[in-house]
Every structure is written in structure tokens, then in C-alpha cells.
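To start, the structure itself, in C-alpha cells.
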2 protein chains.
Amino acid sequence: MTRKEQVRKKAIELMKFHGFSGLTMRLLAKELGIEAASIYNHIKSKDEILETVCFDLAKEFELAVLEVNDIYFNATEKLQMLVTAHVRILCADLDASTVFMHEWRYLPEASRVSFIEKRRNYEHEIRTIIQLGIDEGDFDEIDTKYAVITLLSALNAVVEWYNPHGPLQPDEVADRLYNFIGKALMKNLEFRV
Amino acid sequence: MTRKEQVRKKAIELMKFHGFSGLTMRLLAKELGIEAASIYNHIKSKDEILETVCFDLAKEFELAVLEVNDIYFNATEKLQMLVTAHVRILCADLDASTVFMHEWRYLPEASRVSFIEKRRNYEHEIRTIIQLGIDEGDFDEIDTKYAVITLLSALNAVVEWYNPHGPLQPDEVADRLYNFIGKALMKNLEFRV
DNA sequence: TGCATACTAACAAGCGTTAGTTAGTTGATT
DNA sequence: AATCAACTAACTAACGCTTGTTAGTATGCA
């Protein structure tokens, strides 16, 4: 791990606890055992750290939904695979995922706008999947707009409780969540995995 | 509405958009059409605003679950009534609820500890209800620890999408969410409201 | 008279960041 | 093997700005 990566990792770890504004460069420096000014040998600015976290993860979600839509054709399959991909991404770096969820509001104006746009797109893709499920007759006829936010919130809550050192693997978490969310969405009451 | 209430209301409204740290007393003052120093004629400190929001709402949730447990005896009823009460509280003041969800991390150390404890209690009460549902044979046998967080996250997402000027009344939102969550939890596949 | 509400001026602390410098290491050239 | 340039990673010192907040004062209404 390069020094730059070490700095970023520690920054994200601290940001998770203190929030973006609560993490000062002097605190970060102290935790790294160096002076605040030295941090700038490795990163361009405090904002840059947050931007990297947010857009790296956004990119992963973007690619995931693209792939799912490419490979699978019916809504139940799409949903199951997307839940799995989503949870895998979240669990791959829990600190980063937590910061992604909570701190994007503190992105600089321009980045924030583009971030919100990306999130809107992701939500739209999922909404389309749900609508497909309704059209295919598999899902209950619900309001897709609030369904997608409810669904995503349930998924994203993973970052609040998942313990990488616990017994569950990310894919097992995904299975349970798909079970939970699937039952909630499905019309077909014989639904079982 | 007293001047004090006006100040608090505007503060919460701005906090929702800018976050706790992003809301400066000078910005708040500007929005109120006064000088920053004048704010201190009405409130004690910036922290105090956040503390009031967080603990007022925490108290409401606390009382709601107490009442539900007093009045209803089986898990499905308890769950339905708690969902309704929870959503009502959220929708009663969306700005405050949003701040409550996102900004509690910025509470001063002592308050934050006691806030987390209160939240832990609330989660524990809901967990007990879910466990009751499992014991009664109505709910699927799931891990109650992650179920309660998943469930609460789905509920709390209301603050992200609910539009008070839209067609849905809070109780209608609660109905739909209970439907969604109920189906996810229930073993009984004939479940319908 | 007293209370509510506002003001100006200022303070101390903390913020992110820059400039300029100094060691230590690496890798190629002499 | 010795030399030199380039790079990495740290330092001290400081700048300019913003922060929450206080002190002291003025104005207008009950």
C-alpha cells in the first residue's frame, strides 16, 4: 500500500466516525504520526478525498447495474443479481461505503450536482427493473418511485450492521436481503428461493 | 410562533440542506435578515438547536413504542401500529426528522452517547416485537438483529421521498409501508391487509 | 420601567492550505 | 565504486479566512 493509499484509508476511517467536517487535517496528521502540512505531499485537498470515495463507488454501482441488465432478462433475476452486486460493493470496503452514504452532502457544489445525477440514474435503472417485474406480473402493483428508495435504504443499511469478522459472507447477506425484499415486492405468494 | 421558534425552524430547514457543520450562524442570520450575534438573544448555542431536535424526536419515538406495547398484544398488531406511529412522527415535521436522521453524529460527546443509548432502546423494543412474531409463528425465523435495522432503514427512508403536498396522507404512507414490511416479515403467505 | 429584539465590534480558536526547506532513498552515469 | 540527479516524505512557519460566541449598547413597544 503506497503512502497515498495509507493516507486515504486513514482519512476515510476517521471520516466515518467524525463526519467530513469533524475530520480536520490536523487530526488526520496526528493519527498518521506526521504534521498536517505533510499530508499535502500525498493528496491535493481534503475535498479530493471525499470526491474520490464518492465517485469511485458511484462508478462501481453504475457498472454493476449495466452488467446485470446486459446478462439477465427477467425482473426477478435482475433484482436478485443487482442485490448481490450491490451488497458485494458495500461490503468490499465498509468504511468507504459508510462515508459514501453519509458524507456526499459535503461534496463541493459541482461534484455534488454530478453525484446526485449519478444516483438518480442508478435509482432510475432499479425503478425500471421493478416496473418490468410489475409488467411481467410477478411484482405487486406498487408506486415504483417510493419502492426504489425504500428498497435501496433497506439495502444500504448493510453498512450499519454488517460485521466483516462475523459469520456471514457478503453473498449470504445478499441472499437474506433478497429474500426479505423479494417477498415484499412479489405478487406471487409461492415465492421462495 | 415566537421568535425563538422561528429561529429554530429556519435553522433546522437550513441544516437539512447544508448539514450541521455547513450551517453557520452567519448564514442562519442572513436568512433571518439579522446579524449573527442577534441569534444569541433567542438560543443558547448552535449545539443546543441540534440537541433539541434530536431529543425531542427521540422522546416521541420512545413514547410511541411504550403506548403500542401497552395497548396491543400480538406482534402483527404491534408492528402495524408502530409503523403508523413512526411514520406519523416522521411526517409531522419532515425537516426536523431529516436532521434527526443525518446530523445526530454531530451532537456533543455527552449528548451523543445518550442519544445512541436511546436509539438502542428503541431498536431493542422493535426487536422484541419481531421476536414475539416469530415465537407466535407468524413471522419467518430471521435474524432479528439485522431485521430491525433493515426495517427501520426502510421506514426512515420516508423522510427522503415523502412530499407533504403530494396526494398521500401520512397514514396512507404507513399503510403501504406496513404492507411492504409485513409481507417481508410474515411467514403466513396469505397475508394481506 | 422593563422586556424583546436588534445592533456593532471584537476575540480567541481553529480551519485548510502554501511556501520553502531538509533529510533519506533510489537508480542511472561516470 | 563513487557521484549526482530525482524522487519521496517529512518538517517549520505562517497566511488568510471562518468559526461560534461574548460584551456592551441602542431602539421601540407593553
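Each chain in the C-alpha cells gets a letter, A, B, ..., in the order shown, and its residues are numbered from 1; ligands are numbered from 1 in order too.
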
Those in region 27-170 of chain B with alpha helix (DSSP H) from DSSP, as a PyMOL selection string: chain B and resi 27-32+46-71+75-92+94-103+109-135+144-156+158-161+170

Write out the residues from the selection above, keeping C-alpha atoms, as an mmCIF file, in the first residue's frame.
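The resulting result-v4.cif:
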data_model
loop_
_atom_site.group_PDB
_atom_site.id
_atom_site.type_symbol
_atom_site.label_atom_id
_atom_site.label_comp_id
_atom_site.auth_asym_id
_atom_site.auth_seq_id
_atom_site.Cartn_x
_atom_site.Cartn_y
_atom_site.Cartn_z
ATOM 1 C CA LEU B 27 -25.747 32.072 7.152
ATOM 2 C CA LEU B 28 -28.633 31.475 9.527
ATOM 3 C CA ALA B 29 -28.609 35.152 10.480
ATOM 4 C CA LYS B 30 -28.617 36.239 6.856
ATOM 5 C CA GLU B 31 -31.609 34.038 6.110
ATOM 6 C CA LEU B 32 -33.402 35.553 9.072
ATOM 7 C CA LYS B 46 -25.666 26.053 17.917
ATOM 8 C CA ASP B 47 -25.308 22.710 19.648
ATOM 9 C CA GLU B 48 -28.461 23.372 21.620
ATOM 10 C CA ILE B 49 -30.519 23.523 18.417
ATOM 11 C CA LEU B 50 -29.317 20.105 17.328
ATOM 12 C CA GLU B 51 -29.814 18.656 20.800
ATOM 13 C CA THR B 52 -33.383 19.904 20.953
ATOM 14 C CA VAL B 53 -34.243 18.418 17.557
ATOM 15 C CA CYS B 54 -32.685 15.059 18.315
ATOM 16 C CA PHE B 55 -34.009 14.571 21.827
ATOM 17 C CA ASP B 56 -37.498 15.921 21.156
ATOM 18 C CA LEU B 57 -37.955 13.366 18.392
ATOM 19 C CA ALA B 58 -36.274 10.597 20.356
ATOM 20 C CA LYS B 59 -38.788 11.238 23.131
ATOM 21 C CA GLU B 60 -41.673 10.901 20.689
ATOM 22 C CA PHE B 61 -40.435 7.570 19.386
ATOM 23 C CA GLU B 62 -39.887 6.406 22.950
ATOM 24 C CA LEU B 63 -43.427 7.243 23.967
ATOM 25 C CA ALA B 64 -44.899 5.737 20.807
ATOM 26 C CA VAL B 65 -43.410 2.312 21.362
ATOM 27 C CA LEU B 66 -44.447 2.407 25.017
ATOM 28 C CA GLU B 67 -48.035 3.121 24.051
ATOM 29 C CA VAL B 68 -48.104 0.473 21.336
ATOM 30 C CA ASN B 69 -46.813 -2.128 23.760
ATOM 31 C CA ASP B 70 -49.414 -1.084 26.316
ATOM 32 C CA ILE B 71 -52.389 -1.288 24.006
ATOM 33 C CA ALA B 75 -46.912 -8.952 17.138
ATOM 34 C CA THR B 76 -48.720 -8.165 13.892
ATOM 35 C CA GLU B 77 -50.894 -5.565 15.582
ATOM 36 C CA LYS B 78 -47.974 -4.113 17.456
ATOM 37 C CA LEU B 79 -45.976 -3.893 14.250
ATOM 38 C CA GLN B 80 -48.751 -2.250 12.284
ATOM 39 C CA MET B 81 -49.411 0.322 14.974
ATOM 40 C CA LEU B 82 -45.745 1.066 15.479
ATOM 41 C CA VAL B 83 -45.205 1.606 11.764
ATOM 42 C CA THR B 84 -48.131 4.011 11.759
ATOM 43 C CA ALA B 85 -46.905 5.899 14.804
ATOM 44 C CA HIS B 86 -43.355 6.035 13.470
ATOM 45 C CA VAL B 87 -44.409 7.399 10.093
ATOM 46 C CA ARG B 88 -46.724 9.930 11.721
ATOM 47 C CA ILE B 89 -43.875 11.279 13.805
ATOM 48 C CA LEU B 90 -41.568 11.463 10.792
ATOM 49 C CA CYS B 91 -44.095 13.268 8.636
ATOM 50 C CA ALA B 92 -45.208 15.718 11.311
ATOM 51 C CA LEU B 94 -40.014 16.464 7.825
ATOM 52 C CA ASP B 95 -37.185 18.961 8.224
ATOM 53 C CA ALA B 96 -36.664 18.018 11.839
ATOM 54 C CA SER B 97 -36.886 14.315 11.025
ATOM 55 C CA THR B 98 -34.283 14.631 8.293
ATOM 56 C CA VAL B 99 -31.894 16.459 10.604
ATOM 57 C CA PHE B 100 -32.590 13.856 13.276
ATOM 58 C CA MET B 101 -31.575 11.099 10.852
ATOM 59 C CA HIS B 102 -28.457 12.657 9.398
ATOM 60 C CA GLU B 103 -26.932 15.025 11.913
ATOM 61 C CA GLU B 109 -19.920 13.844 23.044
ATOM 62 C CA ALA B 110 -22.137 13.523 26.127
ATOM 63 C CA SER B 111 -25.386 14.042 24.244
ATOM 64 C CA ARG B 112 -24.304 11.698 21.502
ATOM 65 C CA VAL B 113 -23.710 8.882 23.942
ATOM 66 C CA SER B 114 -27.114 9.301 25.497
ATOM 67 C CA PHE B 115 -28.733 9.613 22.072
ATOM 68 C CA ILE B 116 -27.199 6.356 20.880
ATOM 69 C CA GLU B 117 -28.439 4.698 24.055
ATOM 70 C CA LYS B 118 -31.981 5.895 23.400
ATOM 71 C CA ARG B 119 -31.829 4.637 19.823
ATOM 72 C CA ARG B 120 -30.503 1.313 21.053
ATOM 73 C CA ASN B 121 -33.501 1.038 23.365
ATOM 74 C CA TYR B 122 -35.934 1.787 20.576
ATOM 75 C CA GLU B 123 -34.326 -0.812 18.345
ATOM 76 C CA HIS B 124 -34.445 -3.283 21.191
ATOM 77 C CA GLU B 125 -38.176 -2.770 21.650
ATOM 78 C CA ILE B 126 -38.819 -3.403 17.977
ATOM 79 C CA ARG B 127 -36.561 -6.409 18.070
ATOM 80 C CA THR B 128 -38.660 -7.787 20.891
ATOM 81 C CA ILE B 129 -41.795 -7.336 18.820
ATOM 82 C CA ILE B 130 -40.256 -9.205 15.883
ATOM 83 C CA GLN B 131 -39.110 -11.991 18.175
ATOM 84 C CA LEU B 132 -42.650 -12.186 19.535
ATOM 85 C CA GLY B 133 -43.940 -12.554 15.984
ATOM 86 C CA ILE B 134 -41.526 -15.399 15.393
ATOM 87 C CA ASP B 135 -42.489 -17.091 18.643
ATOM 88 C CA THR B 144 -33.815 -10.154 14.465
ATOM 89 C CA LYS B 145 -30.714 -8.014 14.864
ATOM 90 C CA TYR B 146 -30.325 -7.182 11.211
ATOM 91 C CA ALA B 147 -34.059 -7.342 10.560
ATOM 92 C CA VAL B 148 -34.755 -4.434 12.863
ATOM 93 C CA ILE B 149 -32.125 -2.215 11.264
ATOM 94 C CA THR B 150 -33.263 -3.135 7.771
ATOM 95 C CA LEU B 151 -36.847 -2.472 8.745
ATOM 96 C CA LEU B 152 -36.083 0.859 10.391
ATOM 97 C CA SER B 153 -34.000 1.999 7.437
ATOM 98 C CA ALA B 154 -36.864 1.251 5.085
ATOM 99 C CA LEU B 155 -39.203 3.216 7.352
ATOM 100 C CA ASN B 156 -36.871 6.152 7.844
ATOM 101 C CA VAL B 158 -39.775 8.201 4.219
ATOM 102 C CA VAL B 159 -38.029 11.456 5.007
ATOM 103 C CA GLU B 160 -36.179 11.186 1.679
ATOM 104 C CA TRP B 161 -39.220 10.918 -0.551
ATOM 105 C CA PRO B 170 -49.029 10.034 6.397
#

Enumerate as a PyMOL selection string the residues belonging to chain B that approach chain D to within 8 Å, with only C-alpha atoms (C1' of nucleotides) taken into account. chain B and resi 24-25+37+46

Just to be explicit: take each residue in the selection above, keep C-alpha atoms, and write the result as a PDB file, in the first residue's frame.
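Final output, saved to part.pdb:
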ATOM      1  CA  THR B  24     -23.030  28.715  10.009  1.00  0.00           C
ATOM      2  CA  MET B  25     -24.550  31.196  12.381  1.00  0.00           C
ATOM      3  CA  ALA B  37     -24.840  37.928  17.191  1.00  0.00           C
ATOM      4  CA  LYS B  46     -25.666  26.053  17.917  1.00  0.00           C
TER       5      LYS B  46
END

Produce a table with one row for each residue of chain C that has an atom at most 9 Å from any atom of chain A, each row naming the nearest atom pair and its distance in Å at one decimal; use only C-alpha atoms (C1' of nucleotides); arrange rows by chain and rising residue number; format as a tab-separated table.
residue	atom	partner	partner_atom	distance
C:DC15	C1'	A:Thr24	CA	7.8
C:DG16	C1'	A:Met25	CA	7.6
C:DT17	C1'	A:Ala37	CA	7.9
C:DT18	C1'	A:Ala37	CA	8.9

Output of the above residues as a compact mmCIF listing (two decimals), in the first residue's frame, restricted to all heavy atoms:
# COMPACT_ATOMS: atom_id res chain seq x y z
P DC C 15 -9.56 22.33 13.92
OP1 DC C 15 -10.46 21.16 14.01
OP2 DC C 15 -8.14 22.24 14.30
O5' DC C 15 -9.67 22.94 12.46
C5' DC C 15 -10.95 23.32 11.96
C4' DC C 15 -10.80 24.05 10.64
O4' DC C 15 -10.27 25.36 10.90
C3' DC C 15 -9.79 23.43 9.69
O3' DC C 15 -10.43 22.38 8.97
C2' DC C 15 -9.46 24.62 8.79
C1' DC C 15 -9.60 25.82 9.73
N1 DC C 15 -8.33 26.43 10.20
C2 DC C 15 -7.77 27.50 9.49
O2 DC C 15 -8.34 27.88 8.46
N3 DC C 15 -6.62 28.06 9.94
C4 DC C 15 -6.04 27.59 11.05
N4 DC C 15 -4.92 28.19 11.46
C5 DC C 15 -6.58 26.51 11.78
C6 DC C 15 -7.71 25.94 11.32
P DG C 16 -9.55 21.28 8.27
OP1 DG C 16 -10.43 20.15 7.93
OP2 DG C 16 -8.34 21.06 9.08
O5' DG C 16 -9.13 22.03 6.93
C5' DG C 16 -10.14 22.48 6.05
C4' DG C 16 -9.51 23.24 4.90
O4' DG C 16 -8.76 24.35 5.44
C3' DG C 16 -8.54 22.42 4.07
O3' DG C 16 -8.71 22.76 2.69
C2' DG C 16 -7.16 22.83 4.59
C1' DG C 16 -7.40 24.28 5.02
N9 DG C 16 -6.56 24.68 6.15
C8 DG C 16 -6.34 23.99 7.31
N7 DG C 16 -5.52 24.58 8.13
C5 DG C 16 -5.16 25.74 7.48
C6 DG C 16 -4.27 26.79 7.87
O6 DG C 16 -3.62 26.90 8.91
N1 DG C 16 -4.20 27.79 6.89
C2 DG C 16 -4.88 27.78 5.70
N2 DG C 16 -4.67 28.82 4.89
N3 DG C 16 -5.70 26.80 5.31
C4 DG C 16 -5.79 25.82 6.25
P DT C 17 -7.88 21.99 1.58
OP1 DT C 17 -8.59 22.10 0.29
OP2 DT C 17 -7.47 20.67 2.10
O5' DT C 17 -6.59 22.93 1.49
C5' DT C 17 -6.77 24.33 1.28
C4' DT C 17 -5.46 25.05 1.36
O4' DT C 17 -4.99 25.10 2.73
C3' DT C 17 -4.31 24.41 0.58
O3' DT C 17 -4.06 25.22 -0.57
C2' DT C 17 -3.13 24.39 1.55
C1' DT C 17 -3.61 25.27 2.70
N1 DT C 17 -3.06 24.93 4.03
C2 DT C 17 -2.22 25.83 4.65
O2 DT C 17 -1.90 26.90 4.15
N3 DT C 17 -1.75 25.43 5.88
C4 DT C 17 -2.03 24.25 6.54
O4 DT C 17 -1.54 24.00 7.63
C5 DT C 17 -2.91 23.34 5.83
C7 DT C 17 -3.27 22.02 6.45
C6 DT C 17 -3.38 23.72 4.63
P DT C 18 -2.96 24.75 -1.62
OP1 DT C 18 -3.43 25.17 -2.95
OP2 DT C 18 -2.56 23.35 -1.36
O5' DT C 18 -1.75 25.70 -1.21
C5' DT C 18 -1.97 27.11 -1.08
C4' DT C 18 -0.66 27.79 -0.74
O4' DT C 18 -0.35 27.53 0.66
C3' DT C 18 0.54 27.32 -1.55
O3' DT C 18 1.20 28.46 -2.09
C2' DT C 18 1.41 26.56 -0.54
C1' DT C 18 1.01 27.19 0.78
N1 DT C 18 1.12 26.30 1.97
C2 DT C 18 1.82 26.74 3.07
O2 DT C 18 2.38 27.82 3.12
N3 DT C 18 1.85 25.86 4.11
C4 DT C 18 1.26 24.61 4.17
O4 DT C 18 1.36 23.91 5.17
C5 DT C 18 0.55 24.21 2.99
C7 DT C 18 -0.12 22.87 2.94
C6 DT C 18 0.51 25.07 1.96

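The list of residues with at least one atom within 10 Å of His18 (chain B), based on only C-alpha atoms (C1' of nucleotides) and without residues fewer than 6 positions apart in the same chain, reads Arg105 and Tyr106 of chain A; Ile12 and Thr24 of chain B.
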
Rank nothing, just name the residue among B:Ala174, B:Met15, B:Met1, B:Ala157 nearest to chain A, using only C-alpha atoms.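 Closest candidate: B:Ala157.
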
Considering only C-alpha atoms, state which residue in the set A:Glu172, A:Gly22, A:Gly166, A:Leu14 is at the smallest distance from chain B. A:Gly22

With a distance cut-off of 9 Å and only C-alpha atoms (C1' of nucleotides), select the neighbouring residues of Lys4 (chain A), excluding the residue or stretch itself and same-chain residues fewer than 3 positions from it, and output the selection as a list in words.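 In the requested form, the answer reads Met1, Val7, Arg8, Lys9, Ile39, Asn41, His42 and Ile43 of chain A.
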
For the residues in the current selection, export N, CA and C atoms as a PDB file, in the first residue's frame.
ATOM      1  N   MET A   1       0.857  -1.209   0.000  1.00  0.00           N
ATOM      2  CA  MET A   1       0.000   0.000   0.000  1.00  0.00           C
ATOM      3  C   MET A   1       0.884   1.246   0.000  1.00  0.00           C
ATOM      4  N   VAL A   7      -2.779   7.196   3.559  1.00  0.00           N
ATOM      5  CA  VAL A   7      -3.382   8.464   3.981  1.00  0.00           C
ATOM      6  C   VAL A   7      -4.882   8.449   3.712  1.00  0.00           C
ATOM      7  N   ARG A   8      -5.243   8.033   2.521  1.00  0.00           N
ATOM      8  CA  ARG A   8      -6.657   7.997   2.143  1.00  0.00           C
ATOM      9  C   ARG A   8      -7.451   7.040   3.023  1.00  0.00           C
ATOM     10  N   LYS A   9      -6.857   5.884   3.283  1.00  0.00           N
ATOM     11  CA  LYS A   9      -7.553   4.886   4.091  1.00  0.00           C
ATOM     12  C   LYS A   9      -7.825   5.408   5.489  1.00  0.00           C
ATOM     13  N   ILE A  39       0.675  16.106   4.843  1.00  0.00           N
ATOM     14  CA  ILE A  39      -0.373  15.368   4.134  1.00  0.00           C
ATOM     15  C   ILE A  39      -0.442  15.802   2.674  1.00  0.00           C
ATOM     16  N   ASN A  41       1.773  16.367   0.642  1.00  0.00           N
ATOM     17  CA  ASN A  41       2.693  15.690  -0.277  1.00  0.00           C
ATOM     18  C   ASN A  41       1.997  14.525  -0.976  1.00  0.00           C
ATOM     19  N   HIS A  42       0.855  14.095  -0.423  1.00  0.00           N
ATOM     20  CA  HIS A  42       0.224  12.873  -0.927  1.00  0.00           C
ATOM     21  C   HIS A  42      -1.142  13.120  -1.554  1.00  0.00           C
ATOM     22  N   ILE A  43      -1.862  14.086  -1.021  1.00  0.00           N
ATOM     23  CA  ILE A  43      -3.186  14.379  -1.584  1.00  0.00           C
ATOM     24  C   ILE A  43      -3.283  15.859  -1.921  1.00  0.00           C
TER      25      ILE A  43
END

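Using only C-alpha atoms for every distance, the candidate list B:Gly137, B:Ser21, B:Lys10, B:Gly33 yields B:Ser21 as the residue closest to chain A.
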
Identify which of the residues B:Ile181, B:Leu23, B:Leu168, B:Val173 lies closest to chain A, counting only C-alpha atoms when measuring atom-to-atom distances. B:Ile181

Please indicate the distance in Å from CA of Gly19 (chain B) to CA of Leu107 (chain A), rounded to one decimal place.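 Separation between CA of Gly19 (chain B) and CA of Leu107 (chain A): 11.4 Å.
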
Between B:Arg176, B:Arg3, B:Lys16, B:Lys183, single out the one closest to chain A, counting only C-alpha atoms. B:Lys183

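Our summary of the geometry notes that CA of Phe20 (chain A) is positioned 9.0 Å from CA of Trp104 (chain A).
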
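Across the structure, C1' of DT21 (chain C) and CA of Ile34 (chain A) are spaced 16.5 Å apart.
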